[in-house]
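One structure is given here, and the rest of the page talks about it.
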Amino acid sequence: MGLGYELVDLEWAGGGVLRVFIDRPDASGVTIEDCERASNQLSHVLTVENINYERLEISSPGLDRPLKKLADFVRFTGLEVLVKLRRPFDGRKNYQGVLQELEDKDDDTKIGLVFEGKDGTPQLLQFALGDVDKARLVPQIDFRSKKR
């Protein structure tokens, strides 16, 4: 996106609604003003390109941001994520754990995820981006005030 935002996701919803999810590459968060700027710019582009839509919605990806690109997995290393694999590994497809630094092996980049195994011990799952059906950050919310 020409305004310096990252396109995270795009979806066509019912009734001609076009939803665009943007983020800031510097991880400072998306403001209402950012959404307004992106909306104004995209409205003009969509009109010029003759793309029909009824309503344009611009939003941040939210606390449970989807991870779609390899760069997303790199950016959020050390954070907790939910991963759904395309094919079962060790009898299951869904994993929740902490992203680990990526590893390159023969031009096949592996993503690491430390999760709690069946016996309660930490285990490492390694998978490629192509193995991922869906991945999202696990929201981390602290409702306790630091003021006392």
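How things are named: the first chain in the structure tokens is A, the next is B, and so on; residues count from 1 in each chain; ligands count from 1 in the order shown.
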Report task. Would you please extract all strand (DSSP E) residues from region 31-84 of chain A, as assigned by DSSP on the backbone, and give them as a PyMOL selection string? Result -> chain A and resi 55-59+80-84
Report task. With a distance cut-off of 10 Å and only C-alpha atoms, select the neighbouring residues of Val74 (chain A), excluding the residue or stretch itself and same-chain residues fewer than 6 positions from it, and output the selection as number ranges by chain. Result -> A: 67, 99-102, 111
Report task. For CA of Gly120 (chain A) and CA of Arg86 (chain A), quote the distance in Å rounded to one decimal. Result -> 24.4 Å
Requested in this report: Taking the chain letters and numbering used in this document, name the residues of region 18-98 of chain A that DSSP puts in helix (DSSP H, G or I), as number ranges by chain.
Outcome: A: 32-48, 70-75
Convert the current residue selection to file output with N, CA and C atoms, as a compact mmCIF listing (two decimals), in the first residue's frame.
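Heads up, here's the output in result-v7.txt:
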# COMPACT_ATOMS: atom_id res chain seq x y z
N ILE A 32 -7.32 5.26 14.18
CA ILE A 32 -8.49 5.62 13.38
C ILE A 32 -8.07 6.50 12.21
N GLU A 33 -7.11 7.39 12.45
CA GLU A 33 -6.62 8.27 11.39
C GLU A 33 -5.95 7.46 10.28
N ASP A 34 -5.24 6.38 10.65
CA ASP A 34 -4.63 5.51 9.65
C ASP A 34 -5.72 4.87 8.78
N CYS A 35 -6.76 4.39 9.42
CA CYS A 35 -7.87 3.76 8.69
C CYS A 35 -8.54 4.77 7.76
N GLU A 36 -8.70 5.99 8.24
CA GLU A 36 -9.31 7.04 7.42
C GLU A 36 -8.45 7.34 6.19
N ARG A 37 -7.14 7.49 6.39
CA ARG A 37 -6.23 7.76 5.26
C ARG A 37 -6.27 6.63 4.24
N ALA A 38 -6.22 5.40 4.73
CA ALA A 38 -6.25 4.25 3.83
C ALA A 38 -7.59 4.17 3.10
N SER A 39 -8.67 4.46 3.79
CA SER A 39 -10.00 4.44 3.18
C SER A 39 -10.11 5.47 2.06
N ASN A 40 -9.65 6.68 2.32
CA ASN A 40 -9.69 7.73 1.29
C ASN A 40 -8.88 7.32 0.06
N GLN A 41 -7.67 6.82 0.29
CA GLN A 41 -6.80 6.42 -0.82
C GLN A 41 -7.41 5.26 -1.60
N LEU A 42 -7.87 4.22 -0.88
CA LEU A 42 -8.43 3.04 -1.55
C LEU A 42 -9.73 3.37 -2.29
N SER A 43 -10.53 4.25 -1.75
CA SER A 43 -11.77 4.64 -2.43
C SER A 43 -11.46 5.20 -3.81
N HIS A 44 -10.44 6.06 -3.88
CA HIS A 44 -10.05 6.64 -5.17
C HIS A 44 -9.51 5.57 -6.12
N VAL A 45 -8.66 4.69 -5.60
CA VAL A 45 -8.07 3.64 -6.44
C VAL A 45 -9.15 2.69 -6.96
N LEU A 46 -10.06 2.29 -6.09
CA LEU A 46 -11.12 1.36 -6.50
C LEU A 46 -12.05 1.99 -7.53
N THR A 47 -12.29 3.28 -7.41
CA THR A 47 -13.11 3.99 -8.40
C THR A 47 -12.41 4.04 -9.75
N VAL A 48 -11.13 4.41 -9.74
CA VAL A 48 -10.35 4.48 -10.98
C VAL A 48 -10.26 3.11 -11.65
N LEU A 70 5.73 -15.42 5.64
CA LEU A 70 6.89 -15.81 6.42
C LEU A 70 7.38 -14.63 7.27
N ALA A 71 7.30 -13.43 6.71
CA ALA A 71 7.72 -12.23 7.45
C ALA A 71 6.89 -12.04 8.72
N ASP A 72 5.63 -12.46 8.72
CA ASP A 72 4.79 -12.37 9.92
C ASP A 72 5.33 -13.27 11.02
N PHE A 73 5.73 -14.49 10.64
CA PHE A 73 6.26 -15.44 11.63
C PHE A 73 7.58 -14.92 12.20
N VAL A 74 8.39 -14.28 11.37
CA VAL A 74 9.65 -13.70 11.83
C VAL A 74 9.36 -12.55 12.79
N ARG A 75 8.46 -11.66 12.39
CA ARG A 75 8.13 -10.47 13.18
C ARG A 75 7.62 -10.82 14.57
Query - Test item: residues at most 10 Å from Arg19 (chain A), only C-alpha atoms, excluding those fewer than 6 positions along its chain, as a ChimeraX atom specification - result: /A:9-13,55-59
Next, write the just-selected residues to a file, as a compact mmCIF listing (two decimals), in the first residue's frame, keeping N, CA and C atoms as the atom set.
# COMPACT_ATOMS: atom_id res chain seq x y z
N ASP A 9 -4.85 -8.52 5.30
CA ASP A 9 -5.87 -9.41 4.76
C ASP A 9 -6.91 -8.58 4.02
N LEU A 10 -7.67 -9.27 3.20
CA LEU A 10 -8.70 -8.66 2.38
C LEU A 10 -9.82 -9.67 2.26
N GLU A 11 -11.05 -9.22 2.43
CA GLU A 11 -12.17 -10.16 2.28
C GLU A 11 -13.39 -9.46 1.71
N TRP A 12 -14.09 -10.20 0.86
CA TRP A 12 -15.38 -9.75 0.35
C TRP A 12 -16.45 -10.36 1.23
N ALA A 13 -17.24 -9.54 1.86
CA ALA A 13 -18.32 -10.02 2.72
C ALA A 13 -19.64 -9.87 1.96
N ARG A 55 -19.70 -1.05 0.18
CA ARG A 55 -19.15 -0.38 1.36
C ARG A 55 -17.72 -0.87 1.58
N LEU A 56 -16.84 0.07 1.90
CA LEU A 56 -15.44 -0.23 2.17
C LEU A 56 -15.20 -0.10 3.67
N GLU A 57 -14.65 -1.14 4.26
CA GLU A 57 -14.31 -1.12 5.69
C GLU A 57 -12.81 -1.33 5.83
N ILE A 58 -12.16 -0.42 6.54
CA ILE A 58 -10.73 -0.51 6.81
C ILE A 58 -10.56 -0.73 8.31
N SER A 59 -9.71 -1.67 8.68
CA SER A 59 -9.56 -2.00 10.09
C SER A 59 -8.15 -2.48 10.38
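In this comparison, which uses only C-alpha atoms, the residue of A:Ile22, A:Ala27, A:Ala128, A:Ile141 approaching Pro61 (chain A) most closely is A:Ile22.
Pairwise distance (CA of Phe115 (chain A), CA of Pro66 (chain A)) equals 18.7 Å.
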Query - Who sits within 7 Å of Leu113 (chain A), only C-alpha atoms, same chain under 5 positions skipped, as a PyMOL selection string - result: chain A and resi 97-100+124-126
Just the selected residues (C-alpha atoms), exported as a tab-separated table (two decimals), in the first residue's frame, please.
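Contents of selection_6.tsv, as written:
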chain	number	residue	atom	x	y	z
A	97	GLY	CA	2.62	-22.37	21.56
A	98	VAL	CA	5.43	-19.83	21.32
A	99	LEU	CA	7.03	-19.04	17.97
A	100	GLN	CA	10.74	-19.78	17.76
A	124	LEU	CA	9.27	-28.35	19.45
A	125	LEU	CA	7.17	-28.57	16.30
A	126	GLN	CA	8.86	-27.58	13.06
Query raised in the report: If we count only C-alpha atoms, what is near Arg65 (chain A) at a cut-off of 10 Å, once residues fewer than 5 positions away on the same chain are taken out, given as a PyMOL selection string?
Result: chain A and resi 8-9+21+23+60+72+81+135-139
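Distances to Gly117 (chain A) were evaluated for A:Asp26, A:Asp131, A:Glu6, A:Asp90 using only C-alpha atoms, and the minimum falls at A:Asp90.
Considering the residues A:Tyr5, A:Phe127, A:Tyr53, A:Phe143 and counting only C-alpha atoms, Lys84 (chain A) has its shortest atom-to-atom contact with A:Phe127.
With CA of Arg92 (chain A) on one side and CA of Leu63 (chain A) on the other, the separation reads 25.2 Å.
Closest to Leu79 (chain A) among A:Asn50, A:Pro122, A:Gln140, A:Glu116 is A:Gln140, based on only C-alpha atoms.
Nearest residue to Lys118 (chain A) among A:Thr77, A:Asp104, A:Tyr95, A:Asp133 is A:Tyr95, counting only C-alpha atoms.
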What's around Asn94 (chain A) at 9 Å? Count only C-alpha atoms, leave out sequence neighbours fewer than 2 positions away in its own chain, and write the answer as a PDB file with C-alpha atoms, in the first residue's frame.
ATOM      1  CA  LEU A  82      -2.513 -20.706  17.455  1.00  0.00           C
ATOM      2  CA  VAL A  83      -1.588 -22.751  14.384  1.00  0.00           C
ATOM      3  CA  LYS A  84      -3.835 -25.053  12.377  1.00  0.00           C
ATOM      4  CA  LEU A  85      -1.895 -27.317  10.027  1.00  0.00           C
ATOM      5  CA  PRO A  88      -2.113 -33.795  11.036  1.00  0.00           C
ATOM      6  CA  ARG A  92      -3.401 -33.482  15.507  1.00  0.00           C
ATOM      7  CA  GLN A  96      -0.834 -23.433  20.577  1.00  0.00           C
TER       8      GLN A  96
END
